[in-house]
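Coordinates as given in run00.cif (mmCIF, C-alpha atoms; chains and numbers go by the auth columns):
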```cif
data_my_file
loop_
_atom_site.group_PDB
_atom_site.id
_atom_site.type_symbol
_atom_site.label_atom_id
_atom_site.label_comp_id
_atom_site.label_asym_id
_atom_site.label_seq_id
_atom_site.Cartn_x
_atom_site.Cartn_y
_atom_site.Cartn_z
_atom_site.B_iso_or_equiv
_atom_site.auth_seq_id
_atom_site.auth_asym_id
ATOM 1 C CA MET A 1 -38.242 0.870 -53.431 0.00 1 A
ATOM 2 C CA LYS A 2 -36.340 -2.316 -54.271 0.00 2 A
ATOM 3 C CA LYS A 3 -33.102 -0.571 -53.336 0.00 3 A
ATOM 4 C CA LEU A 4 -34.501 0.397 -49.907 0.00 4 A
ATOM 5 C CA SER A 5 -35.798 -3.124 -49.328 0.00 5 A
ATOM 6 C CA LEU A 6 -32.408 -4.541 -50.239 0.00 6 A
ATOM 7 C CA ILE A 7 -30.686 -2.126 -47.828 0.00 7 A
ATOM 8 C CA LEU A 8 -33.122 -3.098 -45.059 0.00 8 A
ATOM 9 C CA ILE A 9 -32.618 -6.807 -45.684 0.00 9 A
ATOM 10 C CA MET A 10 -28.846 -6.353 -45.612 0.00 10 A
ATOM 11 C CA ALA A 11 -29.026 -4.305 -42.400 0.00 11 A
ATOM 12 C CA VAL A 12 -31.222 -6.896 -40.676 0.00 12 A
ATOM 13 C CA ALA A 13 -29.022 -9.746 -41.902 0.00 13 A
ATOM 14 C CA SER A 14 -25.891 -7.925 -40.788 0.00 14 A
ATOM 15 C CA PHE A 15 -27.309 -7.211 -37.323 0.00 15 A
ATOM 16 C CA SER A 16 -28.654 -10.759 -37.004 0.00 16 A
ATOM 17 C CA SER A 17 -25.276 -12.293 -37.786 0.00 17 A
ATOM 18 C CA TYR A 18 -23.690 -9.810 -35.408 0.00 18 A
ATOM 19 C CA ALA A 19 -26.171 -10.827 -32.725 0.00 19 A
ATOM 20 C CA GLN A 20 -25.383 -14.480 -33.191 0.00 20 A
ATOM 21 C CA SER A 21 -21.640 -14.006 -32.887 0.00 21 A
ATOM 22 C CA THR A 22 -20.006 -13.347 -29.542 0.00 22 A
ATOM 23 C CA PHE A 23 -18.662 -9.839 -29.114 0.00 23 A
ATOM 24 C CA LYS A 24 -14.933 -9.425 -28.913 0.00 24 A
ATOM 25 C CA GLU A 25 -13.268 -8.888 -25.606 0.00 25 A
ATOM 26 C CA ASP A 26 -12.538 -5.204 -24.874 0.00 26 A
ATOM 27 C CA VAL A 27 -8.829 -5.659 -25.447 0.00 27 A
ATOM 28 C CA ASP A 28 -9.473 -7.274 -28.846 0.00 28 A
ATOM 29 C CA VAL A 29 -11.387 -4.167 -29.898 0.00 29 A
ATOM 30 C CA LEU A 30 -8.454 -1.993 -28.824 0.00 30 A
ATOM 31 C CA GLN A 31 -5.975 -4.202 -30.621 0.00 31 A
ATOM 32 C CA SER A 32 -8.015 -3.958 -33.813 0.00 32 A
ATOM 33 C CA VAL A 33 -8.106 -0.147 -33.492 0.00 33 A
ATOM 34 C CA TYR A 34 -4.475 0.452 -32.458 0.00 34 A
ATOM 35 C CA GLY A 35 -2.669 -2.675 -33.623 0.00 35 A
ATOM 36 C CA LYS A 36 -1.219 -3.114 -30.115 0.00 36 A
ATOM 37 C CA SER A 37 -2.209 -5.034 -27.022 0.00 37 A
ATOM 38 C CA LYS A 38 -3.802 -3.039 -24.235 0.00 38 A
ATOM 39 C CA GLY A 39 -0.900 -3.829 -21.920 0.00 39 A
ATOM 40 C CA ASP A 40 1.535 -2.417 -24.475 0.00 40 A
ATOM 41 C CA LEU A 41 -0.575 0.735 -24.858 0.00 41 A
ATOM 42 C CA VAL A 42 -0.700 1.269 -21.094 0.00 42 A
ATOM 43 C CA LYS A 43 3.013 0.597 -20.633 0.00 43 A
ATOM 44 C CA GLN A 44 3.968 2.959 -23.463 0.00 44 A
ATOM 45 C CA TYR A 45 1.665 5.745 -22.279 0.00 45 A
ATOM 46 C CA MET A 46 2.463 5.473 -18.585 0.00 46 A
ATOM 47 C CA ASN A 47 6.245 5.449 -19.182 0.00 47 A
ATOM 48 C CA LEU A 48 6.957 4.482 -15.576 0.00 48 A
ATOM 49 C CA SER A 49 10.375 3.812 -14.046 0.00 49 A
ATOM 50 C CA ASP A 50 11.179 0.182 -13.265 0.00 50 A
ATOM 51 C CA ALA A 51 10.371 0.711 -9.568 0.00 51 A
ATOM 52 C CA GLN A 52 7.080 2.466 -10.386 0.00 52 A
ATOM 53 C CA SER A 53 6.226 -0.192 -12.949 0.00 53 A
ATOM 54 C CA ALA A 54 6.746 -2.927 -10.378 0.00 54 A
ATOM 55 C CA ALA A 55 4.551 -1.081 -7.853 0.00 55 A
ATOM 56 C CA PHE A 56 1.844 -0.434 -10.457 0.00 56 A
ATOM 57 C CA SER A 57 1.847 -3.979 -11.834 0.00 57 A
ATOM 58 C CA LYS A 58 -0.271 -5.506 -9.034 0.00 58 A
ATOM 59 C CA VAL A 59 -2.760 -2.612 -9.137 0.00 59 A
ATOM 60 C CA TYR A 60 -3.070 -2.931 -12.917 0.00 60 A
ATOM 61 C CA ASP A 61 -3.426 -6.733 -12.835 0.00 61 A
ATOM 62 C CA ASN A 62 -6.200 -6.527 -10.233 0.00 62 A
ATOM 63 C CA TYR A 63 -7.879 -3.774 -12.227 0.00 63 A
ATOM 64 C CA GLU A 64 -7.774 -5.850 -15.409 0.00 64 A
ATOM 65 C CA ILE A 65 -9.368 -8.845 -13.681 0.00 65 A
ATOM 66 C CA GLU A 66 -12.296 -6.707 -12.505 0.00 66 A
ATOM 67 C CA ARG A 67 -12.509 -4.775 -15.780 0.00 67 A
ATOM 68 C CA ASN A 68 -12.597 -8.025 -17.715 0.00 68 A
ATOM 69 C CA THR A 69 -15.537 -9.233 -15.617 0.00 69 A
ATOM 70 C CA LEU A 70 -17.400 -5.971 -16.256 0.00 70 A
ATOM 71 C CA GLY A 71 -16.516 -6.140 -19.947 0.00 71 A
ATOM 72 C CA GLN A 72 -17.904 -9.653 -20.230 0.00 72 A
ATOM 73 C CA ALA A 73 -21.115 -8.526 -18.519 0.00 73 A
ATOM 74 C CA LYS A 74 -21.338 -5.580 -20.934 0.00 74 A
ATOM 75 C CA PHE A 75 -20.956 -7.865 -23.944 0.00 75 A
ATOM 76 C CA GLN A 76 -23.532 -10.296 -22.538 0.00 76 A
ATOM 77 C CA LEU A 77 -25.972 -7.382 -22.272 0.00 77 A
ATOM 78 C CA ILE A 78 -25.268 -6.376 -25.860 0.00 78 A
ATOM 79 C CA ASN A 79 -25.748 -9.939 -27.055 0.00 79 A
ATOM 80 C CA ASP A 80 -28.985 -10.128 -25.062 0.00 80 A
ATOM 81 C CA TYR A 81 -30.146 -6.889 -26.694 0.00 81 A
ATOM 82 C CA ALA A 82 -29.209 -8.191 -30.131 0.00 82 A
ATOM 83 C CA ALA A 83 -31.000 -11.481 -29.546 0.00 83 A
ATOM 84 C CA ASN A 84 -34.162 -9.679 -28.403 0.00 84 A
ATOM 85 C CA TYR A 85 -34.042 -6.651 -30.714 0.00 85 A
ATOM 86 C CA ALA A 86 -36.759 -7.797 -33.104 0.00 86 A
ATOM 87 C CA THR A 87 -39.194 -8.705 -30.321 0.00 87 A
ATOM 88 C CA LEU A 88 -38.244 -6.190 -27.625 0.00 88 A
ATOM 89 C CA THR A 89 -40.920 -5.731 -24.974 0.00 89 A
ATOM 90 C CA ASP A 90 -41.228 -3.062 -22.284 0.00 90 A
ATOM 91 C CA GLU A 91 -40.204 -5.613 -19.667 0.00 91 A
ATOM 92 C CA LYS A 92 -37.082 -6.726 -21.570 0.00 92 A
ATOM 93 C CA ALA A 93 -36.145 -3.111 -22.421 0.00 93 A
ATOM 94 C CA ASP A 94 -36.442 -2.199 -18.725 0.00 94 A
ATOM 95 C CA GLN A 95 -34.306 -5.165 -17.700 0.00 95 A
ATOM 96 C CA LEU A 96 -31.610 -4.334 -20.263 0.00 96 A
ATOM 97 C CA ALA A 97 -31.620 -0.605 -19.437 0.00 97 A
ATOM 98 C CA LYS A 98 -31.280 -1.194 -15.680 0.00 98 A
ATOM 99 C CA ALA A 99 -28.509 -3.754 -16.159 0.00 99 A
ATOM 100 C CA THR A 100 -26.657 -1.441 -18.549 0.00 100 A
ATOM 101 C CA LEU A 101 -26.889 1.481 -16.119 0.00 101 A
ATOM 102 C CA LYS A 102 -25.591 -0.739 -13.311 0.00 102 A
ATOM 103 C CA ASN A 103 -22.694 -1.821 -15.527 0.00 103 A
ATOM 104 C CA HIS A 104 -21.799 1.830 -16.167 0.00 104 A
ATOM 105 C CA ILE A 105 -21.905 2.588 -12.433 0.00 105 A
ATOM 106 C CA ASP A 106 -19.753 -0.460 -11.697 0.00 106 A
ATOM 107 C CA TYR A 107 -17.134 0.812 -14.160 0.00 107 A
ATOM 108 C CA GLU A 108 -17.114 4.209 -12.412 0.00 108 A
ATOM 109 C CA LYS A 109 -16.698 2.516 -9.013 0.00 109 A
ATOM 110 C CA LEU A 110 -13.806 0.473 -10.401 0.00 110 A
ATOM 111 C CA TYR A 111 -12.104 3.612 -11.731 0.00 111 A
ATOM 112 C CA SER A 112 -12.437 5.274 -8.339 0.00 112 A
ATOM 113 C CA LYS A 113 -11.127 2.262 -6.438 0.00 113 A
ATOM 114 C CA THR A 114 -8.233 1.774 -8.839 0.00 114 A
ATOM 115 C CA TYR A 115 -7.311 5.460 -8.707 0.00 115 A
ATOM 116 C CA GLY A 116 -6.938 5.227 -4.916 0.00 116 A
ATOM 117 C CA GLN A 117 -4.780 2.112 -5.167 0.00 117 A
ATOM 118 C CA ALA A 118 -2.665 3.510 -8.010 0.00 118 A
ATOM 119 C CA LYS A 119 -2.196 6.817 -6.160 0.00 119 A
ATOM 120 C CA LYS A 120 -0.657 4.946 -3.234 0.00 120 A
ATOM 121 C CA ALA A 121 1.574 2.925 -5.559 0.00 121 A
ATOM 122 C CA ILE A 122 2.731 5.541 -8.106 0.00 122 A
ATOM 123 C CA GLY A 123 1.478 8.964 -6.980 0.00 123 A
ATOM 124 C CA ALA A 124 -1.527 11.065 -7.890 0.00 124 A
ATOM 125 C CA ILE A 125 -0.265 12.350 -11.244 0.00 125 A
ATOM 126 C CA ASN A 126 0.495 8.880 -12.578 0.00 126 A
ATOM 127 C CA ALA A 127 -2.720 7.486 -11.118 0.00 127 A
ATOM 128 C CA ALA A 128 -4.711 10.257 -12.793 0.00 128 A
ATOM 129 C CA LYS A 129 -2.797 9.597 -16.014 0.00 129 A
ATOM 130 C CA PHE A 130 -3.834 5.932 -15.891 0.00 130 A
ATOM 131 C CA ILE A 131 -7.499 6.713 -15.200 0.00 131 A
ATOM 132 C CA GLN A 132 -7.520 9.291 -17.981 0.00 132 A
ATOM 133 C CA LEU A 133 -6.099 6.714 -20.403 0.00 133 A
ATOM 134 C CA GLU A 134 -8.489 4.021 -19.256 0.00 134 A
ATOM 135 C CA VAL A 135 -11.576 6.224 -19.627 0.00 135 A
ATOM 136 C CA TYR A 136 -10.341 7.230 -23.082 0.00 136 A
ATOM 137 C CA LEU A 137 -9.841 3.598 -24.140 0.00 137 A
ATOM 138 C CA GLN A 138 -13.233 2.554 -22.783 0.00 138 A
ATOM 139 C CA THR A 139 -14.810 5.452 -24.691 0.00 139 A
ATOM 140 C CA ILE A 140 -13.244 4.161 -27.907 0.00 140 A
ATOM 141 C CA ILE A 141 -14.593 0.689 -27.176 0.00 141 A
ATOM 142 C CA LYS A 142 -18.080 2.099 -26.538 0.00 142 A
ATOM 143 C CA ALA A 143 -17.937 4.060 -29.800 0.00 143 A
ATOM 144 C CA GLU A 144 -16.953 0.944 -31.754 0.00 144 A
ATOM 145 C CA ILE A 145 -19.810 -1.007 -30.197 0.00 145 A
ATOM 146 C CA LEU A 146 -22.382 1.755 -30.696 0.00 146 A
ATOM 147 C CA GLU A 147 -21.455 2.037 -34.375 0.00 147 A
ATOM 148 C CA SER A 148 -22.253 -1.654 -34.766 0.00 148 A
ATOM 149 C CA ILE A 149 -25.698 -1.912 -33.202 0.00 149 A
ATOM 150 C CA PRO A 150 -28.958 -0.204 -34.144 0.00 150 A
ATOM 151 C CA PHE A 151 -30.951 2.017 -31.826 0.00 151 A
ATOM 152 C CA ILE A 152 -34.238 0.632 -30.523 0.00 152 A
ATOM 153 C CA GLY A 153 -36.753 0.824 -33.361 0.00 153 A
ATOM 154 C CA GLU A 154 -34.185 2.012 -35.913 0.00 154 A
ATOM 155 C CA LEU A 155 -34.663 -0.933 -38.257 0.00 155 A
ATOM 156 C CA ASP A 156 -38.451 -0.656 -37.909 0.00 156 A
ATOM 157 C CA LYS A 157 -38.361 2.947 -39.175 0.00 157 A
ATOM 158 C CA THR A 158 -36.620 1.935 -42.396 0.00 158 A
ATOM 159 C CA LYS A 159 -39.564 -0.357 -43.205 0.00 159 A
ATOM 160 C CA LEU A 160 -41.893 2.669 -43.362 0.00 160 A
ATOM 161 C CA HIS A 161 -39.980 4.482 -46.113 0.00 161 A
#
```
Is it possible to express this structure as structure tokens?
Amino acid sequence: MKKLSLILIMAVASFSSYAQSTFKEDVDVLQSVYGKSKGDLVKQYMNLSDAQSAAFSKVYDNYEIERNTLGQAKFQLINDYAANYATLTDEKADQLAKATLKNHIDYEKLYSKTYGQAKKAIGAINAAKFIQLEVYLQTIIKAEILESIPFIGELDKTKLH
């Protein structure tokens, strides 16, 4: 029983300190996973000619500005969840769930918009290649985040055992 209590205390302390810290930027998560900057990963994977690279550069820069804004909103939602985890109410859970769903939809809209712009700049195959890479990278980021935060009520269940 003492061992379980110690595990629970450590889990709560770990999550609390995590909640108090600011989440890393998306690209920092990728750099910690791959040891490379996101720009380097994209450039290496895309393997575009100099002319294609120049045409894609503006599309990518605009994409990154919008993606960064969405990423910051995502991390604010996670921090909000972490700060309210212990006292989560129906109202707060509803607010967080709706905002999270909107954030996911906004990412999908950004992918679609960027695909259209990239297709004009570098062709459909390369545009699809970029979107495929981006969705993959965002999936890795989501997995890293999800591994770090408890599900609603998860810590409460460990108190019962």
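Going from atom CA of Ile149 of chain A to atom CA of Ala86 of chain A covers 12.5 Å.
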| task | Please write the residues picked by the PyMOL selection byres ((chain A and resi 46-62) around 8) on this file as a list in words. | result | Val42, Lys43, Gln44, Tyr45, Tyr63, Glu64, Ile65, Glu66, Thr114, Gln117, Ala118, Ala121, Ile122, Asn126, Lys129 and Phe130 of chain A
How close does segment 62-113 of chain A get to segment 132-147 of chain A? List, as JSON lines, each residue of segment 62-113 of chain A within 10 Å, its nearest atom pair and the distance in Å to one decimal, counting only C-alpha atoms.
```
{"residue": "A:Gly71", "atom": "CA", "partner": "A:Gln138", "partner_atom": "CA", "distance": 9.7}
{"residue": "A:Phe75", "atom": "CA", "partner": "A:Ile145", "partner_atom": "CA", "distance": 9.4}
{"residue": "A:Ile78", "atom": "CA", "partner": "A:Ile145", "partner_atom": "CA", "distance": 8.8}
{"residue": "A:Tyr107", "atom": "CA", "partner": "A:Val135", "partner_atom": "CA", "distance": 9.5}
{"residue": "A:Glu108", "atom": "CA", "partner": "A:Val135", "partner_atom": "CA", "distance": 9.3}
{"residue": "A:Tyr111", "atom": "CA", "partner": "A:Val135", "partner_atom": "CA", "distance": 8.3}
```
Can you turn the PyMOL selection byres ((chain A and resi 98-103) around 9) into a concrete residue list for this file, as a short mmCIF file (atom, residue, chain, number, x, y, z; two decimals) with C-alpha atoms, keeping the file's coordinate frame?
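And here's result24.cif as it stands now:
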```cif
data_model
loop_
_atom_site.label_atom_id
_atom_site.label_comp_id
_atom_site.auth_asym_id
_atom_site.auth_seq_id
_atom_site.Cartn_x
_atom_site.Cartn_y
_atom_site.Cartn_z
CA LEU A 70 -17.40 -5.97 -16.26
CA GLY A 71 -16.52 -6.14 -19.95
CA ALA A 73 -21.12 -8.53 -18.52
CA LYS A 74 -21.34 -5.58 -20.93
CA LEU A 77 -25.97 -7.38 -22.27
CA ILE A 78 -25.27 -6.38 -25.86
CA ALA A 93 -36.15 -3.11 -22.42
CA ASP A 94 -36.44 -2.20 -18.73
CA GLN A 95 -34.31 -5.16 -17.70
CA LEU A 96 -31.61 -4.33 -20.26
CA ALA A 97 -31.62 -0.60 -19.44
CA HIS A 104 -21.80 1.83 -16.17
CA ILE A 105 -21.90 2.59 -12.43
CA ASP A 106 -19.75 -0.46 -11.70
CA TYR A 107 -17.13 0.81 -14.16
CA GLU A 108 -17.11 4.21 -12.41
#
```
| said: So the first atom is atom CA of Gly153 of chain A and the second is atom CA of Lys92 of chain A; what is the distance between them in Å, to one decimal place? | reply: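 Spanning atom CA of Gly153 of chain A to atom CA of Lys92 of chain A is a straight-line distance of 14.0 Å.
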| query | What is the distance, in Å and to one decimal place, between atom CA of Asn79 of chain A and atom CA of Leu110 of chain A? | reply |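 If I compute the distance from atom CA of Asn79 of chain A to atom CA of Leu110 of chain A, I get 23.0 Å.
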| Which is closer to Pro150 of chain A than all the others in A:Ile131, A:Leu88, A:Ala124, A:Ala82, using all atoms listed in the file? | A:Ala82
